[in-house]
file model05.txt (compact mmCIF, C-alpha atoms and all ligand atoms)
# COMPACT_ATOMS: atom_id res chain seq x y z
CA GLN Y 1 65.97 -81.72 119.44
CA VAL Y 2 67.74 -80.65 122.67
CA LYS Y 3 71.16 -81.47 124.20
CA ASN Y 4 69.85 -83.65 127.04
CA SER Y 5 66.87 -84.20 129.30
CA HIS Y 6 67.87 -81.23 131.49
CA HIS Y 7 67.24 -78.95 128.50
CA LEU Y 8 63.94 -80.62 127.77
CA GLU Y 9 61.91 -78.78 130.43
CA PRO Y 10 62.78 -75.20 129.41
CA GLU Y 11 62.43 -75.99 125.71
CA GLY Y 12 59.07 -77.70 126.22
CA LEU Y 13 57.90 -74.77 128.31
CA ARG Y 14 59.15 -72.24 125.73
CA ARG Y 15 57.20 -73.91 122.94
CA CYS Y 16 54.13 -74.24 125.11
CA LEU Y 17 54.22 -70.55 126.09
CA GLN Y 18 54.82 -69.43 122.49
CA ASP Y 19 51.89 -71.57 121.36
CA VAL Y 20 49.56 -70.17 124.01
CA ILE Y 21 50.71 -66.59 123.35
CA ALA Y 22 50.17 -67.11 119.59
CA LYS Y 23 46.58 -68.06 120.43
CA LYS Y 24 46.24 -64.59 121.98
CA VAL Y 25 45.98 -65.85 125.55
CA LYS Y 26 47.29 -63.28 128.01
CA ILE Y 27 49.49 -64.95 130.65
CA GLY Y 28 49.73 -62.96 133.87
CA THR Y 29 51.47 -65.45 136.17
CA LEU Y 30 53.28 -68.73 135.66
CA ALA Y 31 54.13 -71.06 138.55
CA THR Y 32 56.84 -73.67 138.12
CA ASP Y 33 59.31 -75.61 140.23
CA GLN Y 34 62.80 -74.15 140.77
CA HIS Y 35 64.44 -75.42 137.58
CA LEU Y 36 67.37 -72.98 137.14
CA MET Y 37 67.21 -72.82 133.35
CA VAL Y 38 63.48 -72.17 133.46
CA GLY Y 39 64.10 -69.21 135.80
CA LYS Y 40 66.73 -67.77 133.45
CA MET Y 41 64.52 -68.22 130.41
CA MET Y 42 61.55 -66.53 132.10
CA ARG Y 43 63.73 -63.58 133.15
CA GLU Y 44 65.27 -63.11 129.75
CA ASP Y 45 62.59 -64.09 127.24
CA PHE Y 46 59.24 -63.76 129.03
CA SER Y 47 59.89 -60.88 131.41
CA LYS Y 48 56.29 -59.63 131.18
CA ILE Y 49 54.99 -62.81 132.83
CA ASP Y 50 55.19 -62.85 136.63
CA HIS Y 51 57.19 -66.00 137.33
CA GLN Y 52 56.27 -67.58 140.66
CA PHE Y 53 57.49 -70.75 142.32
CA ASP Y 54 55.27 -73.58 143.40
CA ALA Y 55 55.03 -73.47 147.20
CA TRP Y 56 54.81 -77.27 147.46
CA HIS Y 57 58.17 -77.79 145.73
CA CYS Y 58 59.79 -75.09 147.87
CA SER Y 59 58.53 -76.61 151.07
CA LYS Y 60 59.70 -80.08 149.93
CA ASN Y 61 63.20 -78.71 149.16
CA LEU Y 62 63.30 -77.01 152.53
CA THR Y 63 62.40 -80.24 154.34
CA LYS Y 64 65.21 -82.02 152.50
CA LYS Y 65 67.78 -79.40 153.58
CA LEU Y 66 66.60 -79.39 157.19
CA THR Y 67 66.64 -83.20 157.36
CA ALA Y 68 70.26 -83.24 156.14
CA LYS Y 69 71.19 -80.72 158.87
CA ALA Y 70 69.27 -82.59 161.57
CA ASN Y 71 71.20 -85.74 160.69
CA THR Y 72 74.54 -84.10 161.45
CA LYS Y 73 76.11 -84.67 164.86
CA GLY Y 74 74.92 -82.27 167.56
CA CYS Y 75 71.91 -81.02 165.56
CA GLU Y 76 69.48 -83.84 166.37
CA ALA Y 77 67.16 -81.47 168.27
CA LEU Y 78 66.24 -79.90 164.94
CA MET Y 79 64.46 -83.06 163.77
CA GLN Y 80 61.29 -82.49 165.81
CA TRP Y 81 60.93 -78.97 164.33
CA ILE Y 82 61.16 -79.84 160.63
CA ARG Y 83 57.45 -80.37 159.99
CA ALA Y 84 56.49 -77.19 161.80
CA ILE Y 85 59.11 -75.14 159.94
CA SER Y 86 57.99 -76.49 156.59
CA ASN Y 87 54.39 -75.61 157.56
CA HIS Y 88 55.63 -72.16 158.55
CA LEU Y 89 56.85 -71.51 154.99
CA TRP Y 90 53.41 -72.53 153.72
CA TYR Y 91 51.71 -70.31 156.29
CA SER Y 92 54.02 -67.33 155.54
CA ALA Y 93 53.32 -67.52 151.79
CA SER Y 94 49.57 -68.01 152.22
CA THR Y 95 49.12 -65.06 154.59
CA CYS Y 96 51.57 -62.47 153.17
CA LYS Y 97 48.90 -60.63 151.13
CA LYS Y 98 51.26 -60.62 148.11
CA ASN Y 99 53.70 -58.46 150.08
CA ALA Y 100 57.34 -59.60 149.75
CA GLN Y 101 58.54 -57.72 152.84
CA LEU Y 102 55.77 -59.16 155.02
CA LEU Y 103 56.53 -62.63 153.67
CA LYS Y 104 60.24 -62.26 154.46
CA GLU Y 105 59.58 -61.04 158.01
CA LYS Y 106 57.02 -63.77 158.67
CA TRP Y 107 59.40 -66.39 157.37
CA LEU Y 108 62.39 -65.16 159.42
CA SER Y 109 60.22 -64.94 162.56
CA VAL Y 110 60.51 -68.73 162.80
CA LEU Y 111 63.97 -68.13 164.30
CA HIS Y 112 62.31 -66.32 167.21
CA HIS Y 113 59.54 -68.87 167.68
CA VAL Y 114 61.83 -71.93 167.83
CA ALA Y 115 63.82 -70.15 170.54
CA GLY Y 116 60.64 -69.58 172.59
CA VAL Y 117 60.39 -65.85 171.77
CA HIS Y 118 56.97 -64.82 170.45
CA SER Y 119 57.28 -61.06 170.21
CA TRP Y 120 60.30 -59.01 169.20
CA SER Y 121 61.43 -55.58 167.99
CA GLY Y 122 63.22 -54.79 164.78
CA GLY Y 123 60.65 -55.89 162.20
CA GLN Y 124 58.70 -53.38 160.09
CA LYS Y 125 55.52 -55.33 159.46
CA PHE Y 126 55.56 -58.37 161.70
CA LYS Y 127 56.54 -58.08 165.34
CA LYS Y 128 54.86 -61.00 167.06
CA CYS Y 129 53.72 -64.55 166.31
CA ASP Y 130 50.15 -64.95 164.99
CA HIS Y 131 49.31 -67.78 167.37
CA GLY Y 132 47.43 -67.20 170.62
CA PRO Y 133 48.94 -67.61 174.09
CA MET Y 134 50.99 -70.78 174.38
CA SER Y 135 49.07 -73.08 176.72
CA ASP Y 136 50.94 -75.38 179.05
CA ALA Y 137 51.48 -78.71 177.35
CA PRO Y 138 50.81 -81.88 179.36
CA PRO Y 139 53.90 -83.32 181.07
CA GLY Y 140 56.13 -85.08 178.59
CA MET Y 141 54.61 -83.16 175.66
CA GLU Y 142 56.40 -79.85 176.25
CA VAL Y 143 57.87 -78.10 173.21
CA ALA Y 144 61.64 -78.30 173.29
CA TYR Y 145 62.72 -74.83 172.25
CA LEU Y 146 66.19 -74.48 170.79
CA LYS Y 147 68.86 -72.48 172.59
CA ARG Y 148 70.22 -69.73 170.33
CA THR Y 149 73.76 -70.87 171.09
CA SER Y 150 73.11 -74.53 170.22
CA PRO Y 151 74.52 -76.13 167.05
CA ALA Y 152 70.95 -77.11 166.04
CA PHE Y 153 69.84 -73.45 166.11
CA LYS Y 154 72.89 -72.32 164.16
CA ALA Y 155 72.28 -75.02 161.54
CA LEU Y 156 68.64 -73.92 161.30
CA LYS Y 157 69.64 -70.28 160.95
CA ASP Y 158 71.98 -71.18 158.09
CA VAL Y 159 69.09 -72.77 156.18
CA VAL Y 160 66.36 -70.26 157.06
CA SER Y 161 68.38 -67.13 156.25
CA ALA Y 162 70.40 -68.52 153.33
CA THR Y 163 70.68 -65.89 150.59
CA ALA Y 164 69.37 -68.31 147.96
CA LEU Y 165 66.23 -69.01 150.00
CA LEU Y 166 65.57 -65.34 150.81
CA LYS Y 167 65.96 -64.53 147.11
CA LEU Y 168 63.24 -66.96 146.10
CA LEU Y 169 60.68 -65.63 148.62
CA PRO Y 170 59.38 -62.86 146.29
CA LYS Y 171 58.41 -65.68 143.94
CA LEU Y 172 56.11 -67.15 146.58
CA THR Y 173 54.07 -64.03 147.30
CA LYS Y 174 51.08 -65.18 145.22
CA PHE Y 175 51.02 -68.55 147.02
CA CYS Y 176 50.73 -70.57 143.82
CA HIS Y 177 50.76 -74.29 144.08
CA THR Y 178 50.43 -76.98 141.48
CA GLY Y 179 48.69 -79.52 143.72
CA THR Y 180 45.87 -80.19 141.26
CA LEU Y 181 48.38 -80.86 138.46
CA GLU Y 182 50.33 -83.26 140.68
CA VAL Y 183 47.10 -85.11 141.47
CA PHE Y 184 46.28 -85.30 137.75
CA HIS Y 185 49.75 -86.75 137.01
CA SER Y 186 49.56 -89.38 139.75
CA PHE Y 187 46.06 -90.30 138.54
CA LEU Y 188 47.41 -90.79 134.99
CA LEU Y 189 50.25 -92.96 136.29
CA ARG Y 190 47.73 -95.45 137.69
CA PHE Y 191 46.47 -96.22 134.21
CA CYS Y 192 49.27 -95.17 131.85
CA SER Y 193 52.61 -96.38 133.13
CA LYS Y 194 55.64 -94.40 132.01
CA ARG Y 195 57.26 -97.65 130.86
CA GLN Y 196 54.87 -98.06 128.00
CA TYR Y 197 54.14 -95.67 125.16
CA PHE Y 198 50.61 -94.34 124.94
CA PRO Y 199 49.64 -91.95 122.15
CA TYR Y 200 48.54 -88.53 123.37
CA PRO Y 201 44.76 -88.99 122.86
CA GLY Y 202 44.97 -92.34 124.69
CA ASN Y 203 46.43 -90.58 127.71
CA LEU Y 204 43.49 -88.28 128.10
CA GLN Y 205 40.53 -90.60 127.48
ZN ZN A 301 55.57 -68.12 168.46

call {"tool": "encode", "arguments": {"input": "model05.txt", "output": "structure tokens", "more": "lines below"}}
Ligand SMILES: [Zn+2]
result
Amino acid sequence: QVKNSHHLEPEGLRRCLQDVIAKKVKIGTLATDQHLMVGKMMREDFSKIDHQFDAWHCSKNLTKKLTAKANTKGCEALMQWIRAISNHLWYSASTCKKNAQLLKEKWLSVLHHVAGVHSWSGGQKFKKCDHGPMSDAPPGMEVAYLKRTSPAFKALKDVVSATALLKLLPKLTKFCHTGTLEVFHSFLLRFCSKRQYFPYPGNLQ
């Protein structure tokens, strides 16, 4: 019924939404992954629903981009920061109080923190890191801050302040995540392999 599997997701979602709306359910917010066609469809055909992105997918995509950068020559120092930066996106979305500007400033503040700067001027809503004083780490465990002139920092800056990433931040303000759905799917996979057909009722019993 659709051109190919790429068109399957938006079409399935469209029918699902129409069905739910026909049953008089009011949908305030919908969280999905970053499927481009889904975004376009939500903008054009379901503009009254607040379309948010799933924070887990965003943080996974970010990790992928940072890993690719860290694997390029001269940017190896970035590798040890990837987990913390991915956590920072999670933290920024979960503490932004649904405020897009605060979320953006919190997110961009990571560029200060990785350079060893924990308070700064220029922001409107967020001017210093939320963490307490940095205690001295035991010898050998010191945090290796990135120099602002290093290739690793420049590569990080490219990812963190990319227009595409900054544009998706307003869709993370409600900190939606589909963790429970992912757990449900992986649970199903244990008993109903994708390789074999199970009728719908069989899947859920
Ligand atoms: Zn800091």

call {"tool": "residues_around", "arguments": {"input": "model05.txt", "residues": "Leu108 in chain Y", "least_positions_apart": "5", "cutoff": "10 Å", "atoms": "only C-alpha atoms", "output": "MDAnalysis selection string"}}
result
chainID Y and resid 88:89 92 102:103 113 123 126 157 160:161 166

call {"tool": "residues_near_ligand", "arguments": {"input": "model05.txt", "ligand": "ligand ZN 301 (chain A)", "cutoff": "9 Å", "atoms": "only C-alpha atoms and all ligand atoms", "output": "VMD selection string"}}
result
chain Y and resid 109 to 110 112 to 119 128 to 134

call {"tool": "closest_residue", "arguments": {"input": "model05.txt", "among": "Y:Arg195, Y:His7, Y:Lys174, Y:Lys65", "to": "Val38 in chain Y", "atoms": "all atoms listed in the file"}}
result
Y:His7

call {"tool": "atom_distance", "arguments": {"input": "model05.txt", "atom1": "CA of Lys60 in chain Y", "atom2": "CA of Arg15 in chain Y"}}
result
27.8 Å

call {"tool": "atom_distance", "arguments": {"input": "model05.txt", "atom1": "CA of Gln52 in chain Y", "atom2": "CA of Phe175 in chain Y"}}
result
8.3 Å

call {"tool": "atom_distance", "arguments": {"input": "model05.txt", "atom1": "CA of Ser59 in chain Y", "atom2": "CA of Ser47 in chain Y"}}
result
25.2 Å

call {"tool": "closest_residue", "arguments": {"input": "model05.txt", "among": "Y:Glu11, Y:Asp19, Y:Asp33, Y:Asp158", "to": "His57 in chain Y", "atoms": "only C-alpha atoms"}}
result
Y:Asp33

call {"tool": "closest_residue", "arguments": {"input": "model05.txt", "among": "Y:Lys125, Y:Lys23, Y:Lys194, Y:His6", "to": "Asn99 in chain Y", "atoms": "all atoms listed in the file"}}
result
Y:Lys125

call {"tool": "closest_residue", "arguments": {"input": "model05.txt", "among": "Y:Lys98, Y:Ala77, Y:Arg43, Y:Phe198", "to": "Tyr145 in chain Y", "atoms": "all atoms listed in the file"}}
result
Y:Ala77

call {"tool": "axis_aligned_box", "arguments": {"input": "model05.txt", "around": "range 84-95 of chain Y", "padding_each_side": "5 Å", "output": "AutoDock Vina command-line options"}}
result
--center_x 54.1 --center_y -71.1 --center_z 156.8 --size_x 20.0 --size_y 22.1 --size_z 20.0

call {"tool": "residues_near_point", "arguments": {"input": "model05.txt", "point": "(62.6, -62.8, 146.5)", "cutoff": "12 Å", "atoms": "only C-alpha atoms", "output": "NGL selection string"}}
result
:Y and (51-53 or 93 or 98-104 or 107 or 162-174)

call {"tool": "decode", "arguments": {"input": "model05.txt", "residues": "range 48-198 of chain Y", "atoms": "C-alpha atoms", "output": "PDB file, in the first residue's frame"}}
result
ATOM      1  CA  LYS Y  48      -2.264  20.932  16.626  1.00  0.00           C
ATOM      2  CA  ILE Y  49      -0.316  18.063  18.197  1.00  0.00           C
ATOM      3  CA  ASP Y  50       2.942  19.062  19.890  1.00  0.00           C
ATOM      4  CA  HIS Y  51       5.509  16.872  18.151  1.00  0.00           C
ATOM      5  CA  GLN Y  52       8.442  16.025  20.400  1.00  0.00           C
ATOM      6  CA  PHE Y  53      11.480  13.847  19.807  1.00  0.00           C
ATOM      7  CA  ASP Y  54      12.438  10.910  21.932  1.00  0.00           C
ATOM      8  CA  ALA Y  55      15.456  11.932  24.023  1.00  0.00           C
ATOM      9  CA  TRP Y  56      16.944   8.426  23.910  1.00  0.00           C
ATOM     10  CA  HIS Y  57      17.120   8.390  20.099  1.00  0.00           C
ATOM     11  CA  CYS Y  58      18.619  11.892  20.059  1.00  0.00           C
ATOM     12  CA  SER Y  59      21.291  10.976  22.544  1.00  0.00           C
ATOM     13  CA  LYS Y  60      22.077   7.783  20.580  1.00  0.00           C
ATOM     14  CA  ASN Y  61      22.449   9.792  17.338  1.00  0.00           C
ATOM     15  CA  LEU Y  62      24.680  12.276  19.102  1.00  0.00           C
ATOM     16  CA  THR Y  63      26.949   9.508  20.404  1.00  0.00           C
ATOM     17  CA  LYS Y  64      27.258   8.134  16.869  1.00  0.00           C
ATOM     18  CA  LYS Y  65      28.307  11.543  15.480  1.00  0.00           C
ATOM     19  CA  LEU Y  66      30.810  12.174  18.269  1.00  0.00           C
ATOM     20  CA  THR Y  67      32.326   8.697  17.888  1.00  0.00           C
ATOM     21  CA  ALA Y  68      32.872   9.323  14.162  1.00  0.00           C
ATOM     22  CA  LYS Y  69      34.634  12.618  14.985  1.00  0.00           C
ATOM     23  CA  ALA Y  70      36.732  11.065  17.761  1.00  0.00           C
ATOM     24  CA  ASN Y  71      37.947   8.444  15.302  1.00  0.00           C
ATOM     25  CA  THR Y  72      39.419  11.056  12.979  1.00  0.00           C
ATOM     26  CA  LYS Y  73      43.122  11.840  13.230  1.00  0.00           C
ATOM     27  CA  GLY Y  74      44.001  14.450  15.855  1.00  0.00           C
ATOM     28  CA  CYS Y  75      40.604  14.281  17.612  1.00  0.00           C
ATOM     29  CA  GLU Y  76      41.255  11.221  19.789  1.00  0.00           C
ATOM     30  CA  ALA Y  77      40.990  13.286  22.999  1.00  0.00           C
ATOM     31  CA  LEU Y  78      37.278  13.620  22.331  1.00  0.00           C
ATOM     32  CA  MET Y  79      36.671   9.908  22.941  1.00  0.00           C
ATOM     33  CA  GLN Y  80      36.817  10.119  26.746  1.00  0.00           C
ATOM     34  CA  TRP Y  81      34.172  12.894  26.722  1.00  0.00           C
ATOM     35  CA  ILE Y  82      31.507  11.184  24.611  1.00  0.00           C
ATOM     36  CA  ARG Y  83      29.584   9.528  27.434  1.00  0.00           C
ATOM     37  CA  ALA Y  84      29.541  12.689  29.520  1.00  0.00           C
ATOM     38  CA  ILE Y  85      28.378  14.809  26.574  1.00  0.00           C
ATOM     39  CA  SER Y  86      25.600  12.379  25.738  1.00  0.00           C
ATOM     40  CA  ASN Y  87      24.559  12.483  29.426  1.00  0.00           C
ATOM     41  CA  HIS Y  88      24.674  16.271  29.225  1.00  0.00           C
ATOM     42  CA  LEU Y  89      22.010  16.273  26.498  1.00  0.00           C
ATOM     43  CA  TRP Y  90      19.854  14.066  28.735  1.00  0.00           C
ATOM     44  CA  TYR Y  91      20.468  16.343  31.712  1.00  0.00           C
ATOM     45  CA  SER Y  92      19.762  19.525  29.686  1.00  0.00           C
ATOM     46  CA  ALA Y  93      16.415  18.185  28.428  1.00  0.00           C
ATOM     47  CA  SER Y  94      15.353  16.831  31.820  1.00  0.00           C
ATOM     48  CA  THR Y  95      16.075  20.058  33.709  1.00  0.00           C
ATOM     49  CA  CYS Y  96      15.009  22.750  31.187  1.00  0.00           C
ATOM     50  CA  LYS Y  97      11.517  23.211  32.700  1.00  0.00           C
ATOM     51  CA  LYS Y  98      10.014  23.069  29.179  1.00  0.00           C
ATOM     52  CA  ASN Y  99      11.916  26.238  28.283  1.00  0.00           C
ATOM     53  CA  ALA Y 100      13.598  26.075  24.853  1.00  0.00           C
ATOM     54  CA  GLN Y 101      16.004  28.955  25.544  1.00  0.00           C
ATOM     55  CA  LEU Y 102      17.153  27.438  28.849  1.00  0.00           C
ATOM     56  CA  LEU Y 103      17.595  24.077  27.133  1.00  0.00           C
ATOM     57  CA  LYS Y 104      19.702  25.626  24.361  1.00  0.00           C
ATOM     58  CA  GLU Y 105      21.929  27.505  26.815  1.00  0.00           C
ATOM     59  CA  LYS Y 106      22.367  24.455  29.043  1.00  0.00           C
ATOM     60  CA  TRP Y 107      23.233  22.330  26.048  1.00  0.00           C
ATOM     61  CA  LEU Y 108      25.777  24.807  24.614  1.00  0.00           C
ATOM     62  CA  SER Y 109      27.378  25.243  28.055  1.00  0.00           C
ATOM     63  CA  VAL Y 110      29.058  21.876  27.494  1.00  0.00           C
ATOM     64  CA  LEU Y 111      31.565  23.755  25.310  1.00  0.00           C
ATOM     65  CA  HIS Y 112      32.629  25.743  28.382  1.00  0.00           C
ATOM     66  CA  HIS Y 113      32.751  22.757  30.710  1.00  0.00           C
ATOM     67  CA  VAL Y 114      34.941  20.578  28.467  1.00  0.00           C
ATOM     68  CA  ALA Y 115      37.412  23.468  28.280  1.00  0.00           C
ATOM     69  CA  GLY Y 116      37.557  23.673  32.092  1.00  0.00           C
ATOM     70  CA  VAL Y 117      35.434  26.849  32.330  1.00  0.00           C
ATOM     71  CA  HIS Y 118      32.508  26.531  34.755  1.00  0.00           C
ATOM     72  CA  SER Y 119      31.094  30.045  34.790  1.00  0.00           C
ATOM     73  CA  TRP Y 120      30.809  32.497  31.923  1.00  0.00           C
ATOM     74  CA  SER Y 121      29.068  35.663  30.735  1.00  0.00           C
ATOM     75  CA  GLY Y 122      26.874  36.038  27.706  1.00  0.00           C
ATOM     76  CA  GLY Y 123      24.035  33.655  28.528  1.00  0.00           C
ATOM     77  CA  GLN Y 124      20.553  34.906  29.461  1.00  0.00           C
ATOM     78  CA  LYS Y 125      19.370  32.079  31.676  1.00  0.00           C
ATOM     79  CA  PHE Y 126      22.332  29.857  32.395  1.00  0.00           C
ATOM     80  CA  LYS Y 127      25.671  31.343  33.375  1.00  0.00           C
ATOM     81  CA  LYS Y 128      27.430  28.621  35.343  1.00  0.00           C
ATOM     82  CA  CYS Y 129      27.589  24.834  35.561  1.00  0.00           C
ATOM     83  CA  ASP Y 130      25.116  23.154  37.944  1.00  0.00           C
ATOM     84  CA  HIS Y 131      27.747  20.926  39.516  1.00  0.00           C
ATOM     85  CA  GLY Y 132      29.437  21.800  42.800  1.00  0.00           C
ATOM     86  CA  PRO Y 133      33.110  22.738  43.157  1.00  0.00           C
ATOM     87  CA  MET Y 134      35.363  20.426  41.175  1.00  0.00           C
ATOM     88  CA  SER Y 135      37.309  18.385  43.725  1.00  0.00           C
ATOM     89  CA  ASP Y 136      40.867  17.363  42.990  1.00  0.00           C
ATOM     90  CA  ALA Y 137      40.875  13.978  41.315  1.00  0.00           C
ATOM     91  CA  PRO Y 138      43.391  11.382  42.522  1.00  0.00           C
ATOM     92  CA  PRO Y 139      46.644  11.325  40.529  1.00  0.00           C
ATOM     93  CA  GLY Y 140      46.163   9.648  37.183  1.00  0.00           C
ATOM     94  CA  MET Y 141      42.388  10.260  37.279  1.00  0.00           C
ATOM     95  CA  GLU Y 142      42.461  13.966  36.399  1.00  0.00           C
ATOM     96  CA  VAL Y 143      39.941  15.186  33.832  1.00  0.00           C
ATOM     97  CA  ALA Y 144      41.687  16.039  30.590  1.00  0.00           C
ATOM     98  CA  TYR Y 145      40.038  19.280  29.546  1.00  0.00           C
ATOM     99  CA  LEU Y 146      40.174  20.159  25.869  1.00  0.00           C
ATOM    100  CA  LYS Y 147      42.092  23.205  24.671  1.00  0.00           C
ATOM    101  CA  ARG Y 148      39.815  25.528  22.698  1.00  0.00           C
ATOM    102  CA  THR Y 149      42.359  25.626  19.887  1.00  0.00           C
ATOM    103  CA  SER Y 150      42.669  21.828  19.606  1.00  0.00           C
ATOM    104  CA  PRO Y 151      41.213  19.900  16.646  1.00  0.00           C
ATOM    105  CA  ALA Y 152      39.199  17.772  19.122  1.00  0.00           C
ATOM    106  CA  PHE Y 153      37.475  20.877  20.531  1.00  0.00           C
ATOM    107  CA  LYS Y 154      36.756  22.240  17.066  1.00  0.00           C
ATOM    108  CA  ALA Y 155      35.282  18.891  15.997  1.00  0.00           C
ATOM    109  CA  LEU Y 156      33.135  18.862  19.153  1.00  0.00           C
ATOM    110  CA  LYS Y 157      31.975  22.419  18.523  1.00  0.00           C
ATOM    111  CA  ASP Y 158      30.905  21.471  15.000  1.00  0.00           C
ATOM    112  CA  VAL Y 159      28.662  18.714  16.371  1.00  0.00           C
ATOM    113  CA  VAL Y 160      27.333  20.541  19.449  1.00  0.00           C
ATOM    114  CA  SER Y 161      26.397  23.770  17.659  1.00  0.00           C
ATOM    115  CA  ALA Y 162      25.327  22.264  14.322  1.00  0.00           C
ATOM    116  CA  THR Y 163      22.232  24.063  13.033  1.00  0.00           C
ATOM    117  CA  ALA Y 164      20.359  20.787  12.596  1.00  0.00           C
ATOM    118  CA  LEU Y 165      20.966  19.820  16.228  1.00  0.00           C
ATOM    119  CA  LEU Y 166      20.038  23.257  17.612  1.00  0.00           C
ATOM    120  CA  LYS Y 167      16.844  23.151  15.550  1.00  0.00           C
ATOM    121  CA  LEU Y 168      15.717  19.903  17.128  1.00  0.00           C
ATOM    122  CA  LEU Y 169      16.243  21.099  20.726  1.00  0.00           C
ATOM    123  CA  PRO Y 170      12.761  22.706  21.014  1.00  0.00           C
ATOM    124  CA  LYS Y 171      11.398  19.221  20.380  1.00  0.00           C
ATOM    125  CA  LEU Y 172      13.144  17.920  23.500  1.00  0.00           C
ATOM    126  CA  THR Y 173      11.757  20.450  25.970  1.00  0.00           C
ATOM    127  CA  LYS Y 174       9.165  18.042  27.399  1.00  0.00           C
ATOM    128  CA  PHE Y 175      11.838  15.371  27.949  1.00  0.00           C
ATOM    129  CA  CYS Y 176       9.785  12.589  26.401  1.00  0.00           C
ATOM    130  CA  HIS Y 177      11.341   9.213  26.084  1.00  0.00           C
ATOM    131  CA  THR Y 178      10.003   5.950  24.786  1.00  0.00           C
ATOM    132  CA  GLY Y 179      12.035   3.707  27.103  1.00  0.00           C
ATOM    133  CA  THR Y 180       9.021   1.680  28.252  1.00  0.00           C
ATOM    134  CA  LEU Y 181       8.005   1.008  24.633  1.00  0.00           C
ATOM    135  CA  GLU Y 182      11.545  -0.106  23.769  1.00  0.00           C
ATOM    136  CA  VAL Y 183      11.479  -2.492  26.738  1.00  0.00           C
ATOM    137  CA  PHE Y 184       8.109  -3.857  25.592  1.00  0.00           C
ATOM    138  CA  HIS Y 185       9.495  -4.460  22.073  1.00  0.00           C
ATOM    139  CA  SER Y 186      12.629  -6.234  23.285  1.00  0.00           C
ATOM    140  CA  PHE Y 187      10.460  -8.346  25.606  1.00  0.00           C
ATOM    141  CA  LEU Y 188       8.262  -9.354  22.644  1.00  0.00           C
ATOM    142  CA  LEU Y 189      11.324 -10.269  20.583  1.00  0.00           C
ATOM    143  CA  ARG Y 190      12.313 -12.888  23.166  1.00  0.00           C
ATOM    144  CA  PHE Y 191       9.155 -14.845  22.460  1.00  0.00           C
ATOM    145  CA  CYS Y 192       8.011 -13.731  19.003  1.00  0.00           C
ATOM    146  CA  SER Y 193      10.930 -13.625  16.600  1.00  0.00           C
ATOM    147  CA  LYS Y 194      10.583 -11.257  13.661  1.00  0.00           C
ATOM    148  CA  ARG Y 195      11.481 -14.133  11.327  1.00  0.00           C
ATOM    149  CA  GLN Y 196       8.234 -15.903  11.942  1.00  0.00           C
ATOM    150  CA  TYR Y 197       4.706 -14.624  11.450  1.00  0.00           C
ATOM    151  CA  PHE Y 198       2.543 -14.410  14.542  1.00  0.00           C
TER     152      PHE Y 198
END
